Each structure stands twice: as structure tokens, then as C-alpha cells.
Amino acid sequence: MFKVILWDLDNTILDFLLAEKNSLKAAFKKLGLGECSDEMVALYSSINVKHWEMLERGEIEKSEVYRLRFIDFLNTINKDCDPLTLNEYYERGICDTISFIENANEIIGTLKGKYKQYCVTNGRADVQHDRLSLSGLDRVFDGVFISDEIGFEKPDKRFFDAVLKGIIPCKKSEILIIGDSLTSDMKGGNNAGIKCCWYNPNGKPNPDNIRIDYEIKSLEEIKKILKNA
């Protein structure tokens, strides 16, 4: 029986890809960089993911993610702009789009009081706190763990060590992490020795054979997993 649920935030609860798209297009407009096409957004998204995965592997520092991803992106599309200025417009603009994945807010609200629920995220602390507040999730979760404030990123075991110290006392077998990322959420759950639920709506493969205890395509499936656990 599970007592604790650890929820990833981006693309598990909140639609980060939509927020990313809207924010990048708005930043281009504000900085006079011309139109940011959907193709450019898709290109940036792939570059962004690549740099976050480099961070997760310990190859670069977090501050380098913010700078290098936009250097790479701007060079590829042949645009001239200070990468950190563009990064700041982009990061703050993420808060302007609050859209839930499926009915995530209703599911989390339904589970409140039955389970202790915590948010575990690698996003920038000020941005994530604002998004949690604007979405109302800060009033639903029993706690929030952000890598900026802990000092380590998912999937680092040290991130999860801090989480385990900060939640209600329980056995590892009573904890479930739910997330969309194999490399941060599922691998992090593996490193922490807790149960892993992979939110995989698009049926992506698991090439590295990371341990997955549950795989779901819809968040509604969480209810059945918790009922039968």
C-alpha cells in the first residue's frame, strides 16, 4: 500500500511544451527577433532536452544549461541575441501559460487527504514556485522539492535523499514516483530504491531498460494502480 506520491511537474502535471512554445514566441517578439515558427520551437525543444540530459549526467552545470542551450539554438537559426537575455525572457514567460495535462489537477485534488503528495522538480526555483502558486497546486501538495533549493538534480540519489528526509516517515516500498522522464524521474526512482510509474502517453521506448514498475498512457490509470497496490 502506498502512502506517499512524488509527482514530477513538467509534462506530467503541467503542460510544459505548450508553455515553452508560447514563451519562446513571446520572447522573440519582445526582443525583435522576428517570427518564431513552430519548426523553430521544435528545434529549440530538442536542443533544450539535450542540454538537460547533459546536466542529469553531470556533464555541465545548471547555469550552463541556460546559456549553452540558447547559444546552440541561436547559432542554428542564425539569429543574433544575448543568450542570457533571451533565457530570462523565456524563463519568466513560462509562468504565463498554466495548462494542466489531462485532468491532473482533479486527480491530485481527489487524492488529497488519502495520500501525502509532494512535487519533485528540476525546474528553476522562482519559476516553479510561481507556476505552483498560479495553478493552485501549492495549496494541494504537502510539500515541494526543487533541485535549485536542494543543490542536486534528479536523478541524483542525493536529491532523493533530501526528499526522503523531508516527507512523512515511511518505508521506501510505500513511496511511488510518477513522471514522464526516463532519465530524471524513472532513473531517479531507481537510484532512490522506490517504485516508479512512467507516464508515457506516446508509447516511447525504454532503450536503457530502466526499471519501470508501472507504465501508464493516461493519468486516470493512477487511480487503479493505487487501489490495487
# chains A, B, ... in the order shown; residues from 1 in each chain; ligands from 1

call {"tool": "select_by_dssp", "arguments": {"residues": "stretch 23-164 of chain A", "states": "strand (DSSP E or B)", "output": "list of chain:residue names"}}
result
A:Phe100, A:Lys112, A:Tyr115, A:Lys116, A:Gln117, A:Tyr118, A:Cys119, A:Val120, A:Thr121, A:Gly143, A:Val144, A:Phe145, A:Ile146

call {"tool": "write_last_selection", "arguments": {"atoms": "C-alpha atoms", "output": "CSV table (one decimal), in the first residue's frame"}}
result
chain,number,residue,atom,x,y,z
A,100,PHE,CA,-2.9,21.0,-17.0
A,112,LYS,CA,-5.5,14.8,-1.3
A,115,TYR,CA,-2.0,10.1,0.3
A,116,LYS,CA,0.7,12.5,1.1
A,117,GLN,CA,1.6,14.2,-2.2
A,118,TYR,CA,4.8,16.0,-3.0
A,119,CYS,CA,6.2,17.8,-6.1
A,120,VAL,CA,9.7,16.9,-7.2
A,121,THR,CA,11.1,19.1,-10.0
A,143,GLY,CA,5.5,19.7,0.1
A,144,VAL,CA,7.6,20.8,-2.8
A,145,PHE,CA,11.2,19.8,-3.6
A,146,ILE,CA,13.1,21.8,-6.2

call {"tool": "closest_atom_pairs", "arguments": {"of": "stretch 60-108 of chain A", "to": "stretch 29-40 of chain A", "cutoff": "9 Å", "atoms": "only C-alpha atoms", "output": "Markdown table"}}
result
| residue | atom | partner | partner_atom | distance |
| --- | --- | --- | --- | --- |
| A:Phe73 | CA | A:Met40 | CA | 8.7 |
| A:Ile77 | CA | A:Met40 | CA | 7.7 |
| A:Lys79 | CA | A:Leu33 | CA | 7.3 |
| A:Asp80 | CA | A:Leu33 | CA | 8.1 |
| A:Cys81 | CA | A:Leu33 | CA | 8.1 |
| A:Thr85 | CA | A:Leu31 | CA | 9.0 |
| A:Leu86 | CA | A:Leu31 | CA | 7.7 |
| A:Tyr89 | CA | A:Lys30 | CA | 8.4 |

call {"tool": "write_last_selection", "arguments": {"atoms": "N, CA, C and O atoms", "output": "compact mmCIF listing (two decimals), in the first residue's frame"}}
result
# COMPACT_ATOMS: atom_id res chain seq x y z
N PHE A 73 20.97 27.14 -30.00
CA PHE A 73 19.76 27.45 -30.75
C PHE A 73 19.94 28.65 -31.67
O PHE A 73 19.62 28.60 -32.87
N ILE A 77 19.79 28.81 -35.90
CA ILE A 77 18.81 29.55 -36.70
C ILE A 77 19.37 30.87 -37.21
O ILE A 77 18.66 31.67 -37.84
N LYS A 79 20.47 33.68 -35.66
CA LYS A 79 19.93 34.89 -35.03
C LYS A 79 20.96 35.44 -34.05
O LYS A 79 21.68 34.68 -33.39
N ASP A 80 20.99 36.77 -33.92
CA ASP A 80 21.96 37.42 -33.04
C ASP A 80 21.23 38.01 -31.83
O ASP A 80 20.40 38.91 -31.98
N CYS A 81 21.54 37.47 -30.65
CA CYS A 81 20.92 37.96 -29.42
C CYS A 81 21.75 37.45 -28.25
O CYS A 81 22.36 36.39 -28.32
N THR A 85 19.92 37.01 -22.02
CA THR A 85 18.75 37.89 -22.07
C THR A 85 17.55 37.13 -22.60
O THR A 85 16.45 37.19 -22.05
N LEU A 86 17.77 36.38 -23.69
CA LEU A 86 16.70 35.57 -24.24
C LEU A 86 16.24 34.52 -23.22
O LEU A 86 15.04 34.28 -23.05
N TYR A 89 13.87 36.20 -20.58
CA TYR A 89 12.53 36.44 -21.12
C TYR A 89 11.77 35.13 -21.23
O TYR A 89 10.58 35.05 -20.91

call {"tool": "residues_around", "arguments": {"residues": "stretch 18-21 of chain A", "least_positions_apart": "4", "cutoff": "9 Å", "atoms": "only C-alpha atoms", "output": "PyMOL selection string"}}
result
chain A and resi 14+25-26+38+41-42+45+90-91+93-99

call {"tool": "write_last_selection", "arguments": {"atoms": "all heavy atoms", "output": "compact mmCIF listing (two decimals), in the first residue's frame"}}
result
# COMPACT_ATOMS: atom_id res chain seq x y z
N LEU A 14 1.71 19.75 -15.41
CA LEU A 14 1.54 20.96 -16.21
C LEU A 14 2.12 20.77 -17.61
O LEU A 14 3.16 20.13 -17.77
CB LEU A 14 2.21 22.16 -15.53
CG LEU A 14 1.61 22.62 -14.20
CD1 LEU A 14 2.38 23.82 -13.66
CD2 LEU A 14 0.12 22.98 -14.37
N LYS A 25 7.88 32.15 -28.36
CA LYS A 25 7.32 33.04 -29.37
C LYS A 25 7.19 34.47 -28.83
O LYS A 25 7.50 35.44 -29.54
CB LYS A 25 5.95 32.51 -29.83
CG LYS A 25 6.02 31.28 -30.73
CD LYS A 25 4.63 30.78 -31.08
CE LYS A 25 4.69 29.61 -32.06
NZ LYS A 25 5.02 30.02 -33.43
N ALA A 26 6.76 34.60 -27.58
CA ALA A 26 6.62 35.93 -26.97
C ALA A 26 7.98 36.59 -26.78
O ALA A 26 8.13 37.80 -27.00
CB ALA A 26 5.89 35.81 -25.63
N ASP A 38 6.80 27.38 -35.59
CA ASP A 38 6.62 26.12 -34.85
C ASP A 38 7.82 25.20 -35.06
O ASP A 38 8.19 24.43 -34.16
CB ASP A 38 5.34 25.42 -35.28
CG ASP A 38 4.08 26.13 -34.80
OD1 ASP A 38 4.19 27.02 -33.94
OD2 ASP A 38 2.98 25.79 -35.29
N VAL A 41 10.45 26.29 -32.71
CA VAL A 41 10.11 25.85 -31.36
C VAL A 41 10.49 24.39 -31.18
O VAL A 41 11.08 24.00 -30.16
CB VAL A 41 8.60 26.05 -31.06
CG1 VAL A 41 8.24 25.42 -29.72
CG2 VAL A 41 8.25 27.53 -31.06
N ALA A 42 10.18 23.56 -32.16
CA ALA A 42 10.51 22.13 -32.09
C ALA A 42 12.02 21.93 -32.04
O ALA A 42 12.53 21.07 -31.30
CB ALA A 42 9.92 21.40 -33.29
N SER A 45 13.19 22.92 -28.58
CA SER A 45 12.79 21.91 -27.60
C SER A 45 13.77 20.74 -27.59
O SER A 45 14.15 20.25 -26.51
CB SER A 45 11.38 21.42 -27.91
OG SER A 45 10.91 20.54 -26.91
N TYR A 90 12.46 34.13 -21.70
CA TYR A 90 11.85 32.81 -21.89
C TYR A 90 11.44 32.19 -20.55
O TYR A 90 10.31 31.73 -20.39
CB TYR A 90 12.85 31.91 -22.62
CG TYR A 90 12.55 30.43 -22.56
CD1 TYR A 90 11.60 29.84 -23.38
CD2 TYR A 90 13.25 29.61 -21.66
CE1 TYR A 90 11.34 28.48 -23.32
CE2 TYR A 90 12.99 28.25 -21.60
CZ TYR A 90 12.04 27.69 -22.43
OH TYR A 90 11.79 26.35 -22.36
N GLU A 91 12.35 32.19 -19.58
CA GLU A 91 12.06 31.57 -18.28
C GLU A 91 10.87 32.23 -17.60
O GLU A 91 9.97 31.55 -17.11
CB GLU A 91 13.29 31.65 -17.37
CG GLU A 91 14.38 30.65 -17.70
CD GLU A 91 14.06 29.24 -17.23
OE1 GLU A 91 13.20 29.10 -16.34
OE2 GLU A 91 14.65 28.30 -17.77
N GLY A 93 8.55 33.94 -18.98
CA GLY A 93 7.35 33.76 -19.78
C GLY A 93 6.68 32.42 -19.59
O GLY A 93 5.49 32.25 -19.90
N ILE A 94 7.43 31.44 -19.08
CA ILE A 94 6.87 30.12 -18.82
C ILE A 94 5.67 30.22 -17.87
O ILE A 94 4.70 29.46 -17.98
CB ILE A 94 7.95 29.18 -18.22
CG1 ILE A 94 9.05 28.88 -19.25
CG2 ILE A 94 7.32 27.88 -17.71
CD1 ILE A 94 8.61 28.06 -20.43
N CYS A 95 5.73 31.17 -16.96
CA CYS A 95 4.67 31.32 -15.96
C CYS A 95 3.36 31.84 -16.56
O CYS A 95 2.31 31.77 -15.91
CB CYS A 95 5.12 32.27 -14.85
SG CYS A 95 6.57 31.72 -13.94
N ASP A 96 3.42 32.38 -17.78
CA ASP A 96 2.23 32.97 -18.39
C ASP A 96 1.26 31.92 -18.94
O ASP A 96 0.12 32.26 -19.29
CB ASP A 96 2.64 33.92 -19.51
CG ASP A 96 3.39 35.14 -19.00
OD1 ASP A 96 3.19 35.49 -17.82
OD2 ASP A 96 4.16 35.73 -19.78
N THR A 97 1.70 30.68 -19.04
CA THR A 97 0.83 29.62 -19.54
C THR A 97 0.69 28.53 -18.48
O THR A 97 1.64 27.81 -18.19
CB THR A 97 1.38 29.00 -20.84
OG1 THR A 97 1.49 30.00 -21.85
CG2 THR A 97 0.47 27.88 -21.34
N ILE A 98 -0.48 28.46 -17.89
CA ILE A 98 -0.77 27.41 -16.91
C ILE A 98 -1.86 26.52 -17.49
O ILE A 98 -3.03 26.89 -17.56
CB ILE A 98 -1.25 28.01 -15.56
CG1 ILE A 98 -0.19 28.96 -14.98
CG2 ILE A 98 -1.58 26.89 -14.58
CD1 ILE A 98 1.13 28.29 -14.63
N SER A 99 -1.45 25.35 -17.95
CA SER A 99 -2.37 24.41 -18.56
C SER A 99 -2.07 23.01 -18.04
O SER A 99 -0.91 22.58 -18.07
CB SER A 99 -2.23 24.44 -20.09
OG SER A 99 -3.09 23.50 -20.72

call {"tool": "residues_around", "arguments": {"residues": "A:Leu137", "least_positions_apart": "3", "cutoff": "9 Å", "atoms": "only C-alpha atoms", "output": "tab-separated table (two decimals) with C-alpha atoms, in the first residue's frame"}}
result
chain	number	residue	atom	x	y	z
A	105	ASN	CA	-5.47	18.90	-11.09
A	108	ILE	CA	-4.38	15.28	-7.42
A	109	GLY	CA	-7.26	17.01	-5.67
A	131	ARG	CA	3.73	28.21	-11.51
A	132	LEU	CA	2.70	26.18	-8.47
A	133	SER	CA	1.08	29.26	-6.97
A	134	LEU	CA	-0.71	30.32	-10.17
A	140	VAL	CA	-2.77	20.92	-2.69
A	141	PHE	CA	0.70	19.44	-2.33

call {"tool": "atom_distance", "arguments": {"atom1": "atom CA of A:Met1", "atom2": "atom CA of A:Asn206"}}
result
26.3 Å

call {"tool": "select_by_dssp", "arguments": {"residues": "stretch 11-146 of chain A", "states": "alpha helix (DSSP H)", "output": "PyMOL selection string"}}
result
chain A and resi 16-30+38-56+62-77+83-93+104-111+125-135

call {"tool": "closest_residue", "arguments": {"among": "A:Asn200, A:Asn75, A:Thr183, A:Asn87", "to": "A:Val49", "atoms": "only C-alpha atoms"}}
result
A:Thr183

call {"tool": "residues_around", "arguments": {"residues": "A:Val65", "least_positions_apart": "5", "cutoff": "10 Å", "atoms": "only C-alpha atoms", "output": "list in words"}}
result
Asn48, Val49, Lys50, His51, Trp52, Glu53, Met54, Leu55, Ile60, Phe70, Ile71 and Asn87 of chain A

call {"tool": "write_last_selection", "arguments": {"atoms": "C-alpha atoms", "output": "PDB file, in the first residue's frame"}}
result
ATOM      1  CA  ASN A  48      16.780  22.081 -24.576  1.00  0.00           C
ATOM      2  CA  VAL A  49      16.189  18.401 -23.805  1.00  0.00           C
ATOM      3  CA  LYS A  50      19.731  17.573 -24.926  1.00  0.00           C
ATOM      4  CA  HIS A  51      21.235  20.086 -22.502  1.00  0.00           C
ATOM      5  CA  TRP A  52      19.042  18.973 -19.579  1.00  0.00           C
ATOM      6  CA  GLU A  53      20.132  15.397 -20.195  1.00  0.00           C
ATOM      7  CA  MET A  54      23.757  16.563 -20.148  1.00  0.00           C
ATOM      8  CA  LEU A  55      23.029  18.146 -16.767  1.00  0.00           C
ATOM      9  CA  ILE A  60      27.542  20.520 -17.328  1.00  0.00           C
ATOM     10  CA  PHE A  70      20.376  29.334 -26.377  1.00  0.00           C
ATOM     11  CA  ILE A  71      23.857  29.709 -27.852  1.00  0.00           C
ATOM     12  CA  ASN A  87      16.848  32.949 -21.491  1.00  0.00           C
TER      13      ASN A  87
END

call {"tool": "atom_distance", "arguments": {"atom1": "atom CA of A:Asp138", "atom2": "atom CA of A:Ser23"}}
result
22.2 Å

call {"tool": "closest_residue", "arguments": {"among": "A:Leu74, A:Ala27, A:Val4, A:Ile178", "to": "A:Ser218", "atoms": "only C-alpha atoms"}}
result
A:Ile178

call {"tool": "atom_distance", "arguments": {"atom1": "atom CA of A:Pro169", "atom2": "atom CA of A:Asn11"}}
result
28.2 Å

call {"tool": "residues_around", "arguments": {"residues": "A:Gly123", "least_positions_apart": "5", "cutoff": "10 Å", "atoms": "only C-alpha atoms", "output": "compact mmCIF listing (two decimals) with C-alpha atoms, in the first residue's frame"}}
result
# COMPACT_ATOMS: atom_id res chain seq x y z
CA LEU A 9 5.67 18.71 -12.53
CA ASP A 10 6.54 19.38 -16.18
CA LYS A 62 22.81 24.14 -14.39
CA GLU A 91 12.06 31.57 -18.28
CA GLN A 128 8.41 26.71 -10.41
CA HIS A 129 7.17 28.38 -7.22
CA ILE A 146 13.11 21.78 -6.20
CA SER A 147 16.61 20.89 -7.30
CA ASP A 148 17.79 24.52 -7.14
CA GLU A 153 19.25 17.43 -9.73

call {"tool": "closest_residue", "arguments": {"among": "A:Lys217, A:Arg211, A:Lys204, A:Arg92", "to": "A:Thr12", "atoms": "only C-alpha atoms"}}
result
A:Lys217

call {"tool": "residues_around", "arguments": {"residues": "A:Glu221", "least_positions_apart": "6", "cutoff": "10 Å", "atoms": "only C-alpha atoms", "output": "list in words"}}
result
Tyr199, Tyr214 and Glu215 of chain A

call {"tool": "closest_residue", "arguments": {"among": "A:Glu59, A:Ile194, A:Leu182, A:Gly151", "to": "A:Asp208", "atoms": "only C-alpha atoms"}}
result
A:Leu182

call {"tool": "closest_residue", "arguments": {"among": "A:Ile5, A:Leu111, A:Phe28, A:Leu17", "to": "A:Cys170", "atoms": "only C-alpha atoms"}}
result
A:Ile5
